[in-house]
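Trainee: This is protein.cif (mmCIF, C-alpha atoms).
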```cif
data_query
#
loop_
_atom_site.label_atom_id
_atom_site.label_comp_id
_atom_site.auth_asym_id
_atom_site.auth_seq_id
_atom_site.Cartn_x
_atom_site.Cartn_y
_atom_site.Cartn_z
CA MET A 592 22.84 -39.10 -61.54
CA ARG A 593 21.12 -38.79 -64.91
CA ALA A 594 17.62 -37.33 -64.91
CA LYS A 595 14.88 -39.82 -65.65
CA PRO A 596 13.03 -39.40 -68.97
CA ARG A 597 10.27 -36.92 -68.45
CA PRO A 598 6.62 -37.90 -69.04
CA PRO A 599 4.58 -35.87 -71.55
CA LEU A 600 3.51 -32.52 -70.12
CA PRO A 601 -0.27 -32.03 -70.27
CA TRP A 602 -1.43 -28.94 -72.17
CA LEU A 603 -4.42 -27.12 -70.67
CA GLU A 604 -6.99 -25.01 -72.46
CA PRO A 605 -8.66 -22.25 -70.41
CA GLY A 606 -11.16 -23.86 -68.06
CA ASP A 607 -9.62 -27.34 -68.20
CA ALA A 608 -9.23 -29.29 -64.97
CA PHE A 609 -5.73 -29.71 -63.59
CA PRO A 610 -4.09 -33.13 -63.61
CA GLU A 611 -3.71 -34.89 -60.29
CA VAL A 612 -0.73 -33.49 -58.40
CA GLN A 613 0.68 -37.01 -58.09
CA ASP A 614 1.32 -36.78 -61.86
CA ALA A 615 3.81 -33.92 -61.46
CA TRP A 616 7.37 -34.62 -62.53
CA GLY A 617 9.35 -36.33 -59.81
CA PRO A 618 12.45 -35.19 -57.89
CA GLN A 619 14.85 -36.89 -60.32
CA SER A 620 13.42 -35.15 -63.39
CA GLU A 621 14.86 -32.01 -64.95
CA ALA A 622 12.00 -29.89 -63.57
CA PRO A 623 10.80 -31.42 -60.28
CA GLY A 624 7.19 -30.57 -59.53
CA LEU A 625 6.21 -29.47 -63.04
CA LEU A 626 2.61 -30.53 -63.62
CA ALA A 627 1.10 -28.86 -66.70
CA ALA A 628 1.32 -25.96 -69.14
CA GLY A 629 -1.22 -23.60 -70.65
CA GLY A 630 -4.58 -22.68 -69.23
CA ALA A 631 -5.36 -19.22 -67.88
CA LEU A 632 -4.53 -16.88 -65.00
CA ASP A 633 -8.06 -15.79 -64.20
CA VAL A 634 -9.39 -15.77 -60.64
CA PRO A 635 -11.32 -19.08 -60.81
CA THR A 636 -8.31 -20.91 -62.27
CA LEU A 637 -5.92 -19.51 -59.66
CA LEU A 638 -8.29 -20.48 -56.85
CA ARG A 639 -8.63 -24.02 -58.20
CA ALA A 640 -4.86 -24.23 -58.46
CA TYR A 641 -3.99 -23.02 -54.97
CA SER A 642 -6.75 -25.04 -53.35
CA SER A 643 -5.14 -28.14 -54.91
CA GLY A 644 -1.53 -27.32 -53.98
CA ILE A 645 -0.63 -25.96 -57.45
CA PHE A 646 0.90 -22.60 -58.36
CA PRO A 647 2.02 -20.85 -61.59
CA TRP A 648 5.67 -20.05 -62.24
CA PHE A 649 7.14 -19.21 -65.64
CA SER A 650 9.50 -16.80 -67.36
CA GLU A 651 9.23 -14.41 -70.28
CA GLY A 652 8.66 -16.31 -73.52
CA GLN A 653 7.28 -19.41 -71.80
CA PRO A 654 3.66 -20.57 -71.59
CA ILE A 655 1.98 -20.61 -68.21
CA LEU A 656 3.63 -23.42 -66.25
CA TRP A 657 1.94 -25.05 -63.25
CA TRP A 658 3.89 -26.67 -60.39
CA SER A 659 3.28 -28.88 -57.37
CA PRO A 660 6.63 -29.93 -55.85
CA ASP A 661 7.11 -32.78 -53.42
CA PRO A 662 8.38 -32.18 -50.78
CA ARG A 663 6.89 -28.77 -50.09
CA MET A 664 8.61 -25.93 -48.22
CA VAL A 665 6.36 -24.68 -45.40
CA LEU A 666 6.71 -22.23 -42.53
CA LEU A 667 4.69 -23.23 -39.48
CA PRO A 668 4.08 -19.98 -37.57
CA HIS A 669 5.06 -21.52 -34.23
CA THR A 670 8.45 -22.54 -35.70
CA PHE A 671 9.34 -19.04 -36.96
CA ARG A 672 12.94 -18.43 -35.93
CA LEU A 673 13.33 -14.97 -34.43
CA HIS A 674 17.10 -14.48 -34.36
CA ARG A 675 18.47 -12.06 -31.79
CA SER A 676 19.38 -9.46 -34.40
CA LEU A 677 15.90 -9.52 -35.93
CA ARG A 678 14.30 -9.36 -32.50
CA LYS A 679 16.24 -6.17 -31.78
CA THR A 680 15.28 -4.78 -35.19
CA LEU A 681 11.58 -5.42 -34.49
CA GLN A 682 11.79 -3.82 -31.07
CA ARG A 683 13.41 -0.73 -32.53
CA PHE A 684 10.85 -0.68 -35.32
CA GLN A 685 8.02 -0.79 -32.77
CA ALA A 686 9.51 2.00 -30.71
CA GLN A 687 10.34 4.38 -33.55
CA PRO A 688 7.69 6.94 -34.55
CA GLY A 689 6.71 6.69 -38.20
CA CYS A 690 7.36 2.94 -38.43
CA GLU A 691 4.35 0.71 -38.97
CA VAL A 692 3.11 -2.45 -40.64
CA ARG A 693 0.04 -2.27 -42.82
CA PHE A 694 -1.92 -4.92 -44.65
CA ASP A 695 -3.49 -4.44 -48.07
CA THR A 696 -2.97 -0.69 -48.48
CA ALA A 697 -0.58 -0.89 -51.47
CA PHE A 698 -0.95 -4.35 -52.99
CA ALA A 699 -0.18 -3.31 -56.58
CA ASP A 700 2.93 -1.44 -55.44
CA VAL A 701 4.13 -4.44 -53.42
CA ILE A 702 3.86 -6.89 -56.31
CA ARG A 703 5.47 -4.38 -58.69
CA LEU A 704 8.40 -3.86 -56.31
CA CYS A 705 8.76 -7.62 -55.79
CA ALA A 706 9.08 -7.96 -59.56
CA GLY A 707 11.58 -5.13 -59.83
CA THR A 708 13.74 -6.43 -57.00
CA ARG A 709 13.97 -9.90 -58.55
CA GLU A 710 14.69 -8.50 -62.00
CA THR A 711 17.54 -6.37 -60.65
CA ALA A 712 19.01 -9.27 -58.66
CA SER A 713 18.87 -11.95 -61.35
CA GLY A 714 18.41 -10.16 -64.65
CA GLY A 715 14.86 -11.49 -64.99
CA THR A 716 11.67 -12.11 -63.09
CA TRP A 717 8.79 -14.55 -63.14
CA ILE A 718 6.48 -11.83 -61.79
CA LEU A 719 5.69 -10.69 -65.32
CA PRO A 720 3.15 -7.95 -66.09
CA ARG A 721 0.45 -10.56 -66.83
CA MET A 722 1.17 -12.19 -63.46
CA GLN A 723 0.94 -8.83 -61.73
CA ARG A 724 -2.41 -8.11 -63.37
CA ALA A 725 -3.72 -11.57 -62.43
CA TYR A 726 -2.79 -11.23 -58.76
CA VAL A 727 -4.16 -7.70 -58.54
CA LYS A 728 -7.50 -9.15 -59.70
CA LEU A 729 -7.12 -11.93 -57.14
CA HIS A 730 -6.51 -9.25 -54.50
CA GLN A 731 -9.60 -7.34 -55.63
CA ALA A 732 -11.57 -10.56 -55.24
CA GLY A 733 -10.33 -10.86 -51.64
CA PHE A 734 -7.92 -13.78 -52.04
CA ALA A 735 -4.51 -12.08 -52.27
CA HIS A 736 -2.99 -9.85 -49.61
CA SER A 737 0.07 -7.74 -48.91
CA ALA A 738 2.02 -7.23 -45.70
CA GLU A 739 3.80 -3.87 -45.91
CA THR A 740 6.63 -2.22 -43.99
CA TRP A 741 6.30 1.57 -43.86
CA VAL A 742 8.83 4.10 -42.55
CA ASP A 743 7.95 7.80 -42.45
CA GLY A 744 5.18 7.32 -44.97
CA LYS A 745 7.36 5.38 -47.43
CA LEU A 746 6.86 1.76 -48.43
CA VAL A 747 10.26 0.14 -47.83
CA GLY A 748 9.50 -3.58 -47.78
CA GLY A 749 6.79 -6.14 -48.01
CA LEU A 750 5.42 -9.39 -49.33
CA TYR A 751 2.32 -10.69 -51.02
CA CYS A 752 0.47 -13.95 -50.54
CA VAL A 753 -2.66 -15.84 -51.48
CA SER A 754 -5.18 -16.83 -48.80
CA ILE A 755 -8.08 -19.26 -48.98
CA GLY A 756 -9.94 -19.64 -45.71
CA ARG A 757 -7.12 -19.87 -43.17
CA SER A 758 -4.50 -21.31 -45.50
CA VAL A 759 -1.82 -18.86 -46.61
CA PHE A 760 0.39 -19.30 -49.67
CA GLY A 761 3.45 -17.03 -49.73
CA GLU A 762 4.62 -15.66 -53.07
CA SER A 763 7.41 -13.08 -52.98
CA MET A 764 9.10 -10.40 -50.86
CA PHE A 765 11.03 -7.21 -51.49
CA SER A 766 13.17 -4.93 -49.37
CA LEU A 767 14.40 -1.38 -49.97
CA GLN A 768 15.93 -1.13 -46.49
CA THR A 769 17.79 -3.68 -44.41
CA ASP A 770 15.43 -6.26 -42.89
CA ALA A 771 12.30 -4.56 -44.24
CA SER A 772 11.05 -7.76 -45.86
CA LYS A 773 11.84 -9.75 -42.72
CA ILE A 774 9.75 -7.30 -40.70
CA ALA A 775 6.83 -7.94 -43.06
CA LEU A 776 7.28 -11.71 -42.77
CA ALA A 777 7.50 -11.47 -38.98
CA ALA A 778 4.28 -9.45 -39.01
CA LEU A 779 2.56 -12.04 -41.18
CA THR A 780 3.77 -14.76 -38.81
CA ALA A 781 2.45 -12.86 -35.79
CA PHE A 782 -0.88 -12.38 -37.56
CA CYS A 783 -1.06 -16.10 -38.34
CA ARG A 784 -0.39 -17.01 -34.72
CA VAL A 785 -3.15 -14.70 -33.48
CA GLN A 786 -5.61 -15.84 -36.15
CA HIS A 787 -4.86 -19.56 -35.68
CA ILE A 788 -3.47 -20.02 -39.18
CA GLY A 789 -1.45 -23.21 -39.13
CA LEU A 790 0.93 -22.84 -42.04
CA ILE A 791 2.43 -20.48 -44.59
CA ASP A 792 3.26 -22.20 -47.88
CA CYS A 793 6.74 -21.25 -49.11
CA GLN A 794 6.59 -23.48 -52.20
CA GLN A 795 10.27 -24.31 -52.69
CA ASN A 796 13.29 -24.70 -50.45
CA THR A 797 15.67 -21.75 -50.09
CA ARG A 798 18.46 -21.16 -47.58
CA HIS A 799 16.90 -17.84 -46.57
CA LEU A 800 13.53 -19.41 -45.68
CA ALA A 801 15.23 -22.29 -43.88
CA SER A 802 17.15 -19.79 -41.74
CA LEU A 803 13.82 -18.33 -40.60
CA GLY A 804 12.43 -21.69 -39.53
CA ALA A 805 10.77 -23.02 -42.67
CA GLY A 806 11.18 -26.69 -43.49
CA GLU A 807 10.09 -29.35 -45.94
CA MET A 808 7.12 -31.67 -45.56
CA SER A 809 5.58 -34.19 -47.90
CA ARG A 810 3.12 -32.85 -50.44
CA ALA A 811 0.47 -35.21 -49.06
CA ARG A 812 0.87 -33.79 -45.53
CA PHE A 813 0.91 -30.24 -46.87
CA LEU A 814 -2.34 -30.85 -48.77
CA ASP A 815 -4.01 -32.31 -45.70
CA LEU A 816 -3.12 -29.26 -43.59
CA SER A 817 -3.90 -26.81 -46.36
CA ARG A 818 -7.33 -28.26 -47.10
CA ALA A 819 -8.21 -28.23 -43.40
CA GLY A 820 -7.34 -24.53 -43.27
CA GLN A 821 -9.35 -23.76 -46.39
CA GLU A 822 -12.50 -25.07 -44.72
CA ALA A 823 -12.26 -22.43 -41.97
CA ASP A 824 -13.70 -18.94 -42.21
CA PRO A 825 -11.16 -16.37 -43.47
CA PRO A 826 -9.67 -13.99 -40.89
CA PRO A 827 -10.01 -10.20 -41.05
CA TRP A 828 -6.93 -9.06 -42.92
CA PHE A 829 -5.56 -6.17 -40.90
CA PHE A 830 -2.57 -5.82 -38.60
CA GLU A 831 -2.73 -4.56 -35.04
CA PRO A 832 0.48 -3.59 -33.17
CA LEU A 833 -0.56 -5.82 -30.27
CA TYR A 834 -0.05 -8.81 -32.59
CA TRP A 835 3.70 -8.35 -32.05
CA GLN A 836 3.24 -9.77 -28.56
CA SER A 837 2.75 -13.22 -30.08
CA ILE A 838 6.37 -13.39 -31.21
CA LEU A 839 8.26 -10.80 -29.13
CA PRO A 840 9.32 -11.23 -25.48
CA ASP A 841 7.53 -9.17 -22.86
CA LYS A 842 10.70 -7.38 -21.79
CA PRO A 843 12.70 -5.41 -24.34
CA THR A 844 16.29 -6.39 -25.02
CA ILE A 845 17.41 -3.32 -26.98
CA LYS A 846 20.89 -2.13 -26.14
#
```
Any chance you could give the structure as structure tokens?

Mentor:
Amino acid sequence: MRAKPRPPLPWLEPGDAFPEVQDAWGPQSEAPGLLAAGGALDVPTLLRAYSSGIFPWFSEGQPILWWSPDPRMVLLPHTFRLHRSLRKTLQRFQAQPGCEVRFDTAFADVIRLCAGTRETASGGTWILPRMQRAYVKLHQAGFAHSAETWVDGKLVGGLYCVSIGRSVFGESMFSLQTDASKIALAALTAFCRVQHIGLIDCQQNTRHLASLGAGEMSRARFLDLSRAGQEADPPPWFFEPLYWQSILPDKPTIK
């Protein structure tokens, strides 16, 4: 099927309001979900974007591009799919001295390693240095967080996300050891269950996320749930080992 002619893409100057998300390019266009270009990556702009279901995503040599796809890929914490192999991995991780999950102790390292992992895998990354600097500032302002997998004092996996109130917007993961990023995601899911966070935005559909229980929902439904979460007080961003109980069975199954 031929792509429909694309509408003009709005150009934003720093401080400009975003277009309505309903004006984003549709699913039959060449870039589904593309909403606008230009603008800035400062903290106020990023907060306005995420609170409206919009996120930046662009490559080297491109202007800032803003997206709001419909449908939206979302992981509901209660639908997280803990496969038997991952369950065993988590139980071993819990039992092994020197293995721990931390939140927000190495945010800059996490986003740098996410960028490096993607660049190695695909020959390029959208987590450009200017993006890294922008999200570090967002972290310093209290709106971006990292979930980190540590083994014997070494950071081996993790992810970073944006959080407004009790709405969480996932960004990227990295892994230097098998399943290290999945451990971080499982920890974030456990945290969300304990803290009554209803959804983790995954932005776009991937087979990997679908295998872990994420699924698509309409942008309108996503925005309703996201805005409800944003109105709640933010949780304390730290991870306690007892949070594992929200996703792991009471009796171990390690063999």

Trainee: Which neighbours of Leu776 in chain A fall inside 9 Å, counting only C-alpha atoms, when residues of the same chain fewer than 3 positions from it are skipped, and could you give them as a PyMOL selection string?

Mentor: chain A and resi 738+749-750+764+771-773+779-781

Trainee: Which residues, protein or nucleic acid, reach to within 12 Å of (-1.0, -8.5, -40.2) in the file's coordinates when using all atoms listed in the file, and can you give that as a PyMOL selection string?

Mentor: chain A and resi 691-696+736-740+749-752+774-786+788+826-835+837

Trainee: Given only C-alpha atoms as the basis, pick out the residue of A:Gln821, A:Gln682, A:Gln836, A:Gln653 nearest to Arg639 in chain A.

Mentor: A:Gln821

Trainee: Could you state which residues are captured by the PyMOL selection byres ((chain A and resi 689) around 10) in this file, as a ChimeraX atom specification?

Mentor: /A:684-688,690-691,741-745

Trainee: Excluding range 609-623 of chain A and any residue of its chain fewer than 6 positions from it, enumerate the residues within 12 Å of it, using only C-alpha atoms, and give them as a ChimeraX atom specification.

Mentor: /A:592-603,629-631,636-649,656-663,795,809-811,814

Trainee: Can I get the selection written as a PDB file, keeping the file's coordinate frame, with C-alpha atoms?

Mentor:
```pdb
ATOM      1  CA  MET A 592      22.840 -39.100 -61.540  1.00  0.00           C
ATOM      2  CA  ARG A 593      21.120 -38.790 -64.910  1.00  0.00           C
ATOM      3  CA  ALA A 594      17.620 -37.330 -64.910  1.00  0.00           C
ATOM      4  CA  LYS A 595      14.880 -39.820 -65.650  1.00  0.00           C
ATOM      5  CA  PRO A 596      13.030 -39.400 -68.970  1.00  0.00           C
ATOM      6  CA  ARG A 597      10.270 -36.920 -68.450  1.00  0.00           C
ATOM      7  CA  PRO A 598       6.620 -37.900 -69.040  1.00  0.00           C
ATOM      8  CA  PRO A 599       4.580 -35.870 -71.550  1.00  0.00           C
ATOM      9  CA  LEU A 600       3.510 -32.520 -70.120  1.00  0.00           C
ATOM     10  CA  PRO A 601      -0.270 -32.030 -70.270  1.00  0.00           C
ATOM     11  CA  TRP A 602      -1.430 -28.940 -72.170  1.00  0.00           C
ATOM     12  CA  LEU A 603      -4.420 -27.120 -70.670  1.00  0.00           C
ATOM     13  CA  GLY A 629      -1.220 -23.600 -70.650  1.00  0.00           C
ATOM     14  CA  GLY A 630      -4.580 -22.680 -69.230  1.00  0.00           C
ATOM     15  CA  ALA A 631      -5.360 -19.220 -67.880  1.00  0.00           C
ATOM     16  CA  THR A 636      -8.310 -20.910 -62.270  1.00  0.00           C
ATOM     17  CA  LEU A 637      -5.920 -19.510 -59.660  1.00  0.00           C
ATOM     18  CA  LEU A 638      -8.290 -20.480 -56.850  1.00  0.00           C
ATOM     19  CA  ARG A 639      -8.630 -24.020 -58.200  1.00  0.00           C
ATOM     20  CA  ALA A 640      -4.860 -24.230 -58.460  1.00  0.00           C
ATOM     21  CA  TYR A 641      -3.990 -23.020 -54.970  1.00  0.00           C
ATOM     22  CA  SER A 642      -6.750 -25.040 -53.350  1.00  0.00           C
ATOM     23  CA  SER A 643      -5.140 -28.140 -54.910  1.00  0.00           C
ATOM     24  CA  GLY A 644      -1.530 -27.320 -53.980  1.00  0.00           C
ATOM     25  CA  ILE A 645      -0.630 -25.960 -57.450  1.00  0.00           C
ATOM     26  CA  PHE A 646       0.900 -22.600 -58.360  1.00  0.00           C
ATOM     27  CA  PRO A 647       2.020 -20.850 -61.590  1.00  0.00           C
ATOM     28  CA  TRP A 648       5.670 -20.050 -62.240  1.00  0.00           C
ATOM     29  CA  PHE A 649       7.140 -19.210 -65.640  1.00  0.00           C
ATOM     30  CA  LEU A 656       3.630 -23.420 -66.250  1.00  0.00           C
ATOM     31  CA  TRP A 657       1.940 -25.050 -63.250  1.00  0.00           C
ATOM     32  CA  TRP A 658       3.890 -26.670 -60.390  1.00  0.00           C
ATOM     33  CA  SER A 659       3.280 -28.880 -57.370  1.00  0.00           C
ATOM     34  CA  PRO A 660       6.630 -29.930 -55.850  1.00  0.00           C
ATOM     35  CA  ASP A 661       7.110 -32.780 -53.420  1.00  0.00           C
ATOM     36  CA  PRO A 662       8.380 -32.180 -50.780  1.00  0.00           C
ATOM     37  CA  ARG A 663       6.890 -28.770 -50.090  1.00  0.00           C
ATOM     38  CA  GLN A 795      10.270 -24.310 -52.690  1.00  0.00           C
ATOM     39  CA  SER A 809       5.580 -34.190 -47.900  1.00  0.00           C
ATOM     40  CA  ARG A 810       3.120 -32.850 -50.440  1.00  0.00           C
ATOM     41  CA  ALA A 811       0.470 -35.210 -49.060  1.00  0.00           C
ATOM     42  CA  LEU A 814      -2.340 -30.850 -48.770  1.00  0.00           C
TER      43      LEU A 814
END
```

Trainee: Quick one: of A:Ala627, A:Ala823, A:Leu667, A:Cys793, who's nearest to Ile755 in chain A, counting only C-alpha atoms?

Mentor: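 Using only C-alpha atoms, the shortest distance to Ile755 in chain A belongs to A:Ala823.
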
Trainee: Report, in Å with one decimal, the straight-line distance from CA of Arg818 in chain A to CA of Thr797 in chain A.

Mentor: 24.1 Å

Trainee: Counting only C-alpha atoms, which residue out of A:Gln768, A:Val665, A:Pro720, A:Glu762 sits closest to Arg812 in chain A?

Mentor: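 Comparing A:Gln768, A:Val665, A:Pro720, A:Glu762 against Arg812 in chain A, the winner is A:Val665.
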
Trainee: Once the PyMOL selection byres ((chain A and resi 672) around 9) is applied to the coordinates I shared, what remains selected? I want it as JSON, numbers by chain.

Mentor: {"A": [669, 670, 671, 673, 674, 802, 803, 804, 805]}

Trainee: Looking at only C-alpha atoms, which of A:Leu790, A:Leu839, A:Ile718, A:Ala819 is the one that sits closest to Glu807 in chain A?

Mentor: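 Smallest separation from Glu807 in chain A among the options: A:Leu790.
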
Trainee: What is the CA of Leu677 in chain A to CA of Ala801 in chain A distance in Å?

Mentor: 15.1 Å

Trainee: How far is it from CA of Cys705 in chain A to CA of Ser763 in chain A, in Å with one decimal?

Mentor: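 That distance, rounded to one decimal, is 6.3 Å.
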
Trainee: Please determine an axis-aligned box that encloses all atoms of range 602-610 of chain A listed in the file, with 8 Å added on each side, and express its centre and edge lengths in Å to one decimal as JSON.

Mentor:
```
{"center_x": -6.3, "center_y": -27.7, "center_z": -68.0, "size_x": 25.7, "size_y": 26.9, "size_z": 24.9}
```

Trainee: With all atoms listed in the file as the basis for distance, which of A:Ala608, A:Leu632, A:Leu719, A:Leu704 is at the shortest distance from Ser650 in chain A?

Mentor: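 Closest candidate: A:Leu719.
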
Trainee: Written as a PyMOL selection string, what is the full residue list that the PyMOL selection byres ((chain A and resi 699) around 9) yields on the file shown?

Mentor: chain A and resi 696-698+700-704+723-724+726-727+730+737

Trainee: Measuring between only C-alpha atoms, which one of A:Ser676, A:Ser817, A:Gln731, A:Ser754 shows the shortest distance to Gly789 in chain A?

Mentor: A:Ser817

Trainee: Should you be able to, write range 760-772 of chain A of this structure into a file that contains N, CA and C atoms, as a PDB file, in the first residue's frame.

Mentor:
```pdb
ATOM      1  N   PHE A 760       7.857   6.767  31.886  1.00  0.00           N
ATOM      2  CA  PHE A 760       8.067   6.713  30.447  1.00  0.00           C
ATOM      3  C   PHE A 760       9.437   6.089  30.186  1.00  0.00           C
ATOM      4  N   GLY A 761       9.449   4.833  29.749  1.00  0.00           N
ATOM      5  CA  GLY A 761      10.703   4.131  29.512  1.00  0.00           C
ATOM      6  C   GLY A 761      11.429   4.674  28.296  1.00  0.00           C
ATOM      7  N   GLU A 762      12.761   4.663  28.345  1.00  0.00           N
ATOM      8  CA  GLU A 762      13.561   5.195  27.252  1.00  0.00           C
ATOM      9  C   GLU A 762      14.458   4.132  26.607  1.00  0.00           C
ATOM     10  N   SER A 763      15.426   3.619  27.335  1.00  0.00           N
ATOM     11  CA  SER A 763      16.357   2.675  26.716  1.00  0.00           C
ATOM     12  C   SER A 763      16.981   1.788  27.782  1.00  0.00           C
ATOM     13  N   MET A 764      17.518   0.634  27.334  1.00  0.00           N
ATOM     14  CA  MET A 764      18.165  -0.316  28.225  1.00  0.00           C
ATOM     15  C   MET A 764      19.526  -0.709  27.650  1.00  0.00           C
ATOM     16  N   PHE A 765      20.395  -1.226  28.510  1.00  0.00           N
ATOM     17  CA  PHE A 765      21.645  -1.811  28.037  1.00  0.00           C
ATOM     18  C   PHE A 765      21.966  -3.021  28.897  1.00  0.00           C
ATOM     19  N   SER A 766      22.803  -3.892  28.365  1.00  0.00           N
ATOM     20  CA  SER A 766      23.192  -5.095  29.085  1.00  0.00           C
ATOM     21  C   SER A 766      24.616  -5.471  28.718  1.00  0.00           C
ATOM     22  N   LEU A 767      25.459  -5.640  29.719  1.00  0.00           N
ATOM     23  CA  LEU A 767      26.825  -6.122  29.519  1.00  0.00           C
ATOM     24  C   LEU A 767      26.964  -7.581  29.928  1.00  0.00           C
ATOM     25  N   GLN A 768      25.941  -8.120  30.573  1.00  0.00           N
ATOM     26  CA  GLN A 768      25.878  -9.535  30.914  1.00  0.00           C
ATOM     27  C   GLN A 768      24.487 -10.052  30.555  1.00  0.00           C
ATOM     28  N   THR A 769      24.398 -11.338  30.339  1.00  0.00           N
ATOM     29  CA  THR A 769      23.120 -11.930  29.956  1.00  0.00           C
ATOM     30  C   THR A 769      22.031 -11.589  30.970  1.00  0.00           C
ATOM     31  N   ASP A 770      20.929 -11.073  30.460  1.00  0.00           N
ATOM     32  CA  ASP A 770      19.726 -10.769  31.244  1.00  0.00           C
ATOM     33  C   ASP A 770      19.889  -9.590  32.205  1.00  0.00           C
ATOM     34  N   ALA A 771      20.984  -8.868  32.144  1.00  0.00           N
ATOM     35  CA  ALA A 771      21.175  -7.767  33.095  1.00  0.00           C
ATOM     36  C   ALA A 771      20.164  -6.651  32.887  1.00  0.00           C
ATOM     37  N   SER A 772      19.797  -6.379  31.631  1.00  0.00           N
ATOM     38  CA  SER A 772      18.784  -5.347  31.400  1.00  0.00           C
ATOM     39  C   SER A 772      17.399  -5.842  31.809  1.00  0.00           C
TER      40      SER A 772
END
```
